[in-house]
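Below is the file upload35.csv, which contains CSV, C-alpha atoms.
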```csv
chain,number,residue,atom,x,y,z
C,12,LEU,CA,5.2,1.5,-18.1
C,13,PHE,CA,6.6,4.4,-16.1
C,14,GLY,CA,3.4,4.8,-14.0
C,15,GLN,CA,3.3,1.0,-13.4
C,16,HIS,CA,7.0,0.8,-12.5
C,17,PHE,CA,6.9,3.8,-10.2
C,18,SER,CA,3.9,2.7,-8.2
C,19,ALA,CA,5.3,-0.9,-8.0
C,20,ILE,CA,8.7,0.1,-6.8
C,21,ALA,CA,7.6,3.1,-4.6
C,22,ALA,CA,5.5,0.9,-2.5
C,23,ALA,CA,5.8,0.0,1.2
C,24,GLY,CA,9.6,-0.3,1.3
C,25,PRO,CA,10.7,3.2,0.0
C,26,ILE,CA,7.8,4.9,1.8
C,27,VAL,CA,7.7,3.2,5.2
C,28,GLY,CA,11.4,2.6,5.6
C,29,PRO,CA,12.5,6.2,5.4
C,30,ILE,CA,9.7,7.3,7.8
C,31,LEU,CA,10.7,4.7,10.4
C,32,ALA,CA,14.4,5.6,10.0
C,33,CYS,CA,13.6,9.3,10.3
C,34,GLN,CA,11.7,8.7,13.5
C,35,GLN,CA,14.5,6.7,14.9
C,36,TYR,CA,17.6,8.5,13.8
C,37,GLY,CA,16.5,11.9,12.4
C,38,TRP,CA,16.1,13.1,8.9
C,39,LEU,CA,19.8,13.9,8.0
C,40,PRO,CA,21.2,10.4,8.1
C,41,CYS,CA,18.2,9.2,6.0
C,42,ILE,CA,18.8,11.8,3.3
C,43,LEU,CA,22.5,11.2,3.2
C,44,TRP,CA,22.0,7.4,2.9
C,45,ILE,CA,19.3,7.7,0.3
C,46,GLY,CA,21.4,10.1,-1.8
C,47,ALA,CA,24.5,7.9,-1.6
C,48,GLY,CA,22.7,4.7,-2.0
C,49,CYS,CA,20.7,5.8,-5.1
C,50,ILE,CA,23.9,7.0,-6.8
C,51,PHE,CA,26.6,4.6,-5.8
C,52,ILE,CA,24.8,1.3,-4.9
C,53,GLY,CA,21.4,1.1,-6.6
C,54,PRO,CA,22.5,1.8,-10.2
C,55,VAL,CA,25.6,-0.4,-9.9
C,56,HIS,CA,23.5,-3.3,-8.6
C,57,ASP,CA,20.7,-2.9,-11.1
C,58,PHE,CA,22.9,-2.2,-14.1
C,59,SER,CA,25.3,-5.1,-13.3
C,60,ALA,CA,22.4,-7.5,-12.9
C,61,LEU,CA,20.9,-6.3,-16.2
C,62,VAL,CA,24.2,-6.6,-18.1
C,63,ALA,CA,24.8,-10.1,-16.7
C,64,SER,CA,21.4,-11.2,-17.7
C,65,VAL,CA,21.6,-9.8,-21.2
C,66,ARG,CA,24.9,-11.4,-21.9
C,67,HIS,CA,23.5,-14.8,-20.9
C,68,ASP,CA,20.4,-14.8,-23.1
C,69,ALA,CA,18.2,-13.0,-20.6
C,70,ARG,CA,18.7,-15.7,-17.9
C,71,SER,CA,18.2,-15.2,-14.2
C,72,VAL,CA,21.0,-14.4,-11.8
C,73,ALA,CA,20.7,-17.9,-10.4
C,74,GLU,CA,21.3,-19.4,-13.9
C,75,VAL,CA,24.3,-17.1,-14.4
C,76,VAL,CA,25.8,-18.3,-11.1
C,77,LYS,CA,25.2,-21.9,-12.1
C,78,ARG,CA,27.1,-21.5,-15.3
C,79,HIS,CA,30.2,-19.7,-13.8
C,80,LEU,CA,30.3,-21.0,-10.2
C,81,GLY,CA,28.9,-24.5,-10.3
C,82,ARG,CA,26.0,-26.5,-9.0
C,83,GLU,CA,26.7,-25.9,-5.3
C,84,ALA,CA,26.7,-22.2,-5.7
C,85,TRP,CA,23.6,-22.4,-7.8
C,86,LEU,CA,21.7,-24.3,-5.1
C,87,ALA,CA,23.0,-21.8,-2.5
C,88,ILE,CA,21.8,-18.8,-4.4
C,89,LEU,CA,18.4,-20.4,-5.1
C,90,ALA,CA,17.9,-21.0,-1.4
C,91,PHE,CA,18.9,-17.5,-0.6
C,92,ILE,CA,16.6,-16.0,-3.2
C,93,TRP,CA,13.7,-18.2,-2.0
C,94,LEU,CA,14.2,-17.2,1.6
C,95,ALA,CA,14.6,-13.5,0.7
C,96,LEU,CA,11.3,-13.6,-1.3
C,97,VAL,CA,9.5,-15.4,1.6
C,98,TYR,CA,10.8,-12.8,4.0
C,99,VAL,CA,9.8,-9.9,1.8
C,100,LEU,CA,6.3,-11.4,1.2
C,101,VAL,CA,5.7,-12.0,4.9
C,102,ALA,CA,6.9,-8.5,5.9
C,103,PHE,CA,4.8,-6.7,3.3
C,104,ALA,CA,1.8,-8.8,4.0
C,105,ALA,CA,1.9,-7.9,7.7
C,106,LEU,CA,2.7,-4.3,6.8
C,107,THR,CA,-0.2,-4.0,4.3
C,108,ALA,CA,-2.7,-5.7,6.6
C,109,GLN,CA,-2.0,-3.3,9.5
C,110,PRO,CA,-3.7,-0.2,7.9
C,111,PHE,CA,-6.8,-2.4,7.2
C,112,VAL,CA,-7.5,-2.9,10.9
C,113,THR,CA,-6.9,0.5,12.4
C,114,GLY,CA,-9.8,1.3,14.7
C,115,ASP,CA,-12.0,4.3,15.1
C,116,SER,CA,-11.1,5.4,18.6
C,117,ASP,CA,-9.8,8.7,17.4
C,118,THR,CA,-13.1,9.6,15.8
C,119,ALA,CA,-15.4,8.3,18.5
C,120,ALA,CA,-16.0,11.8,19.9
C,121,LEU,CA,-17.3,13.1,16.6
C,122,GLY,CA,-20.6,11.3,17.1
C,123,PHE,CA,-20.5,9.0,14.1
C,124,ARG,CA,-18.9,5.6,13.4
C,125,PHE,CA,-15.9,5.8,11.2
C,126,ASN,CA,-13.3,3.1,10.9
C,127,ARG,CA,-10.1,4.2,9.2
C,128,GLY,CA,-9.0,0.6,8.6
C,129,GLY,CA,-12.3,-0.3,7.0
C,130,ALA,CA,-12.1,2.8,4.8
C,131,VAL,CA,-8.7,1.8,3.6
C,132,ALA,CA,-9.7,-1.8,3.0
C,133,LEU,CA,-12.8,-1.0,1.0
C,134,ALA,CA,-11.0,1.6,-1.1
C,135,ALA,CA,-8.2,-0.9,-1.8
C,136,VAL,CA,-10.7,-3.6,-2.9
C,137,VAL,CA,-12.6,-1.3,-5.1
C,138,TYR,CA,-9.4,0.0,-6.6
C,139,LEU,CA,-8.2,-3.5,-7.5
C,140,GLY,CA,-11.7,-4.1,-9.1
C,141,LEU,CA,-11.3,-1.0,-11.2
C,142,ALA,CA,-7.8,-2.2,-12.3
C,143,LEU,CA,-9.3,-5.5,-13.5
C,144,VAL,CA,-12.0,-3.7,-15.4
C,145,MET,CA,-9.5,-1.4,-17.0
C,146,GLY,CA,-7.3,-4.3,-18.0
C,147,VAL,CA,-10.2,-6.1,-19.7
C,148,VAL,CA,-11.5,-3.0,-21.4
C,149,ASP,CA,-8.0,-2.2,-22.8
C,150,ARG,CA,-7.5,-5.8,-23.9
C,151,LEU,CA,-10.9,-6.1,-25.7
C,152,TRP,CA,-11.6,-2.6,-27.1
C,153,LYS,CA,-8.1,-0.9,-27.0
C,154,PRO,CA,-9.3,2.6,-26.3
C,155,PRO,CA,-6.8,5.4,-26.4
C,156,LEU,CA,-4.8,5.8,-23.2
C,157,TRP,CA,-6.1,9.4,-22.6
C,158,LEU,CA,-9.7,8.1,-22.6
C,159,SER,CA,-9.0,5.3,-20.2
C,160,THR,CA,-7.1,7.8,-17.9
C,161,LEU,CA,-10.0,10.3,-18.1
C,162,ILE,CA,-12.4,7.6,-17.0
C,163,PHE,CA,-10.5,5.4,-14.5
C,164,VAL,CA,-8.4,7.9,-12.6
C,165,PRO,CA,-11.4,9.8,-11.3
C,166,LEU,CA,-13.0,6.5,-10.5
C,167,THR,CA,-10.0,5.6,-8.5
C,168,VAL,CA,-10.3,8.8,-6.5
C,169,GLY,CA,-14.0,7.9,-6.1
C,170,ALA,CA,-13.0,4.6,-4.7
C,171,ILE,CA,-11.1,6.4,-1.9
C,172,TRP,CA,-14.2,8.5,-1.2
C,173,LEU,CA,-16.4,5.4,-1.3
C,174,GLY,CA,-14.2,3.8,1.4
C,175,THR,CA,-14.8,6.8,3.7
C,176,GLN,CA,-18.5,6.6,3.2
C,177,HIS,CA,-18.8,2.8,4.0
C,178,SER,CA,-15.9,2.4,6.4
C,179,THR,CA,-17.6,-0.4,8.4
C,180,LEU,CA,-18.3,-2.7,5.5
C,181,LEU,CA,-15.1,-4.7,5.5
C,182,LEU,CA,-14.1,-5.0,9.2
C,183,LEU,CA,-12.0,-8.2,9.3
C,184,SER,CA,-9.2,-9.3,11.7
C,185,TRP,CA,-5.6,-8.7,11.0
C,186,LYS,CA,-4.9,-12.4,10.5
C,187,THR,CA,-7.8,-12.7,8.1
C,188,TRP,CA,-6.4,-9.8,6.0
C,189,VAL,CA,-2.9,-11.4,6.0
C,190,ILE,CA,-4.4,-14.6,4.6
C,191,LEU,CA,-6.4,-12.7,2.0
C,192,ILE,CA,-3.4,-10.6,1.0
C,193,MET,CA,-1.3,-13.8,0.6
C,194,ALA,CA,-4.0,-15.3,-1.6
C,195,TYR,CA,-4.1,-12.1,-3.7
C,196,CYS,CA,-0.3,-12.2,-4.1
C,197,PHE,CA,-0.6,-15.8,-5.3
C,198,LEU,CA,-3.4,-15.0,-7.9
C,199,ALA,CA,-1.6,-11.8,-9.0
C,200,SER,CA,1.6,-13.7,-9.7
C,201,LEU,CA,-0.3,-16.1,-12.0
C,202,SER,CA,-2.4,-13.5,-13.8
C,203,PRO,CA,-1.1,-11.9,-17.0
C,204,MET,CA,0.4,-8.4,-16.6
C,205,TRP,CA,-2.3,-6.7,-18.7
C,206,LEU,CA,-5.2,-8.1,-16.6
C,207,LEU,CA,-4.2,-6.7,-13.1
C,208,LEU,CA,-0.7,-5.6,-12.4
C,209,GLN,CA,-0.2,-3.1,-15.3
C,210,PRO,CA,-3.5,-1.2,-14.9
C,211,ARG,CA,-3.3,-1.4,-11.1
C,212,GLY,CA,0.2,0.2,-11.2
C,213,TYR,CA,-0.8,2.8,-13.7
C,214,LEU,CA,-3.8,4.0,-11.6
C,215,GLY,CA,-1.8,3.8,-8.4
C,216,GLY,CA,0.9,6.0,-10.0
C,217,PHE,CA,-1.6,8.9,-10.2
C,218,VAL,CA,-2.5,8.4,-6.5
C,219,LEU,CA,1.2,8.6,-5.6
C,220,TYR,CA,1.8,11.6,-7.8
C,221,GLY,CA,-1.2,13.3,-6.3
C,222,THR,CA,-0.1,12.6,-2.7
C,223,LEU,CA,3.4,13.9,-3.4
C,224,ILE,CA,2.1,17.1,-5.0
C,225,ILE,CA,-0.5,17.8,-2.3
C,226,GLY,CA,2.1,17.0,0.4
C,227,THR,CA,4.7,19.3,-1.1
C,228,ILE,CA,2.2,22.1,-1.4
C,229,GLY,CA,1.2,21.5,2.2
C,230,ILE,CA,4.8,21.6,3.5
C,231,PHE,CA,5.5,25.0,1.9
C,232,SER,CA,2.1,26.7,2.3
C,233,GLY,CA,0.8,25.2,5.5
C,234,GLN,CA,3.1,27.2,7.8
C,235,PHE,CA,4.1,24.0,9.7
C,236,ASP,CA,7.2,24.0,11.9
C,237,ILE,CA,9.7,21.2,11.3
C,238,GLN,CA,9.8,19.4,14.6
C,239,GLN,CA,11.8,16.4,13.6
C,240,PRO,CA,15.5,16.9,14.6
C,241,ALA,CA,18.2,16.4,11.9
C,242,PHE,CA,20.0,13.9,14.1
C,243,LYS,CA,18.8,11.9,17.1
C,244,GLY,CA,21.9,10.0,17.9
C,245,TRP,CA,23.5,6.7,17.0
C,246,GLY,CA,20.7,4.6,18.7
C,247,GLU,CA,20.8,2.1,21.5
C,248,LEU,CA,22.0,-1.4,21.9
C,249,GLU,CA,18.6,-2.3,23.3
C,250,ASN,CA,15.4,-0.3,23.7
C,251,GLN,CA,12.4,-0.9,26.0
C,252,LYS,CA,11.0,-3.5,23.7
C,253,GLY,CA,14.2,-5.4,23.6
C,254,ALA,CA,15.1,-4.4,20.0
C,255,THR,CA,18.5,-3.2,18.9
C,256,THR,CA,18.3,0.2,17.2
C,257,LEU,CA,21.9,1.2,16.4
C,258,LEU,CA,22.2,3.5,13.4
C,259,PHE,CA,25.0,1.2,12.0
C,260,PRO,CA,24.0,-1.1,10.4
C,261,PHE,CA,20.2,-0.9,10.9
C,262,LEU,CA,19.7,2.4,9.0
C,263,PHE,CA,20.8,0.6,5.8
C,264,VAL,CA,18.4,-2.3,6.4
C,265,THR,CA,15.5,0.0,7.3
C,266,ILE,CA,16.0,2.0,4.1
C,267,ALA,CA,17.0,-0.8,1.8
C,268,CYS,CA,14.4,-0.5,-0.9
C,269,GLY,CA,14.8,3.3,-1.0
C,270,ALA,CA,18.5,3.2,-1.5
C,271,CYS,CA,20.1,-0.1,-2.5
C,272,SER,CA,17.5,-0.7,-5.2
C,273,GLY,CA,16.4,2.9,-5.6
C,274,PHE,CA,17.7,3.2,-9.1
C,275,HIS,CA,14.5,1.5,-10.3
```

The structure given in the file should be rewritten as structure tokens.
Amino acid sequence: LFGQHFSAIAAAGPIVGPILACQQYGWLPCILWIGAGCIFIGPVHDFSALVASVRHDARSVAEVVKRHLGREAWLAILAFIWLALVYVLVAFAALTAQPFVTGDSDTAALGFRFNRGGAVALAAVVYLGLALVMGVVDRLWKPPLWLSTLIFVPLTVGAIWLGTQHSTLLLLSWKTWVILIMAYCFLASLSPMWLLLQPRGYLGGFVLYGTLIIGTIGIFSGQFDIQQPAFKGWGELENQKGATTLLFPFLFVTIACGACSGFH
């Protein structure tokens, strides 16, 4: 449960958001906001929602609103939840599809064809296939968890290696990947937890743990200089691309999943 929850929550939002905000504003505002948000906002939000649900026979927030605030408020909160979920789904679909289409221009001088996006795509597909197999095996034969871990975690690492060896096998357009990811989200939402989501999250947790451990070792032993400034300013009303980048309030939107709901 912990591995599944960790990899499900620590997905694109808490990883990409802090990186983007750090590039834009510096690392100090990001650390301060993550620390404050995960202490004073995330726990209050999550625990309050949990208590409200438990005290109303495990009903959703929308049903609690309907009971106490009336039908109009219930319809309003339903519309808000629906729009928020559509927005999150579209944003994450676009964000997830992008690494699948990164080209091989950086490695062209090495004398062999390697496509980073294709490597990520193939590794991801094989990884999801392994999760399905693990779910079925666990459901039918119920092996001990240590045995499943011993078998499927190395296979997951092997899936990453396999992607690098056959990086040109799944070269699709960005739009095609967005459609496929949306189809995957639809099927994953209908499948039982034991079949895909739980084993996928469990295996993905080891990948995230490994990345954090290796990255931390690299930071302290790689003799790298910290080049990112602590504070880069309050931002601009409008940058060259026409986007507003003020620290207030966009820092708190950029690192939303990593602070407002970081108590997960």

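As for atom CA of Ala132 of chain C and atom CA of Phe111 of chain C, they are spaced 5.1 Å apart.
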
Residue with the minimum atom-to-atom distance to Val101 of chain C, picked from C:Cys271, C:Ile162, C:Gly81, C:Met193 with all atoms listed in the file counted, is C:Met193

Neighbour list for Lys186 of chain C as a list in words, cut-off 9 Å, only C-alpha atoms, skip fewer than 4 positions in-chain: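 Here the answer would be Ala105, Ala108, Ile190 and Leu191 of chain C.
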
Counting all atoms listed in the file, what is within 8 Å of segment 217-223 of chain C, bar same-chain residues fewer than 4 positions away, as a PDB file with C-alpha atoms, in the coordinates of the input?
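Output below, filename selection03.pdb:
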```pdb
ATOM      1  CA  GLY C  14       3.400   4.800 -14.000  1.00  0.00           C
ATOM      2  CA  SER C  18       3.900   2.700  -8.200  1.00  0.00           C
ATOM      3  CA  VAL C 164      -8.400   7.900 -12.600  1.00  0.00           C
ATOM      4  CA  VAL C 168     -10.300   8.800  -6.500  1.00  0.00           C
ATOM      5  CA  TYR C 213      -0.800   2.800 -13.700  1.00  0.00           C
ATOM      6  CA  THR C 227       4.700  19.300  -1.100  1.00  0.00           C
TER       7      THR C 227
END
```

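Counting from atom CA of Val131 of chain C, the distance to atom CA of Gly37 of chain C is 28.5 Å.
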
Which residues, protein or nucleic acid, reach to within 10 Å of (-2.0, -11.5, 0.6) in the file's coordinates when using all atoms listed in the file, and can you give that as a list in words?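 Taken together, the residues in range are Leu100, Val101, Phe103, Ala104, Ala105, Thr107, Ala108, Thr187, Trp188, Val189, Ile190, Leu191, Ile192, Met193, Ala194, Tyr195, Cys196, Phe197, Leu198 and Ala199 of chain C.
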
Quick one: distance from atom CA of Leu182 of chain C to atom CA of Gly129 of chain C in Å, one decimal?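 Computing it gives 5.5 Å between the two atoms.
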
Which residues, protein or nucleic acid, reach to within 9 Å of (-20.9, -0.4, 8.9) in the file's coordinates when using all atoms listed in the file, and can you give that as an MDAnalysis selection string? chainID C and resid 124:126 129 177:182

Using all atoms listed in the file, the residue out of C:Leu94, C:Ile50, C:Ala102, C:Leu206 with shortest distance to Gly28 of chain C is C:Ala102

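For segment 41-43 of chain C, the residues within 7 Å (counting all atoms listed in the file, excluding itself and residues fewer than 6 positions away along the chain) are Pro29, Ala32 and Cys33 of chain C.
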
Residue contacts of segment 73-80 of chain C (7 Å, all atoms listed in the file) excluding same-chain residues fewer than 6 positions away, as a ChimeraX atom specification: /C:67,88-89

From the set C:Leu141, C:Leu61, C:Leu262, C:Cys268, which residue has the shortest atom-to-atom contact distance to Pro210 of chain C, counting only C-alpha atoms?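 Of the candidates, the smallest distance to Pro210 of chain C is held by C:Leu141.
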
For Leu208 of chain C, which residue among C:Tyr98, C:Trp93, C:Tyr138, C:Trp44 is the nearest when counting all atoms listed in the file? C:Tyr138
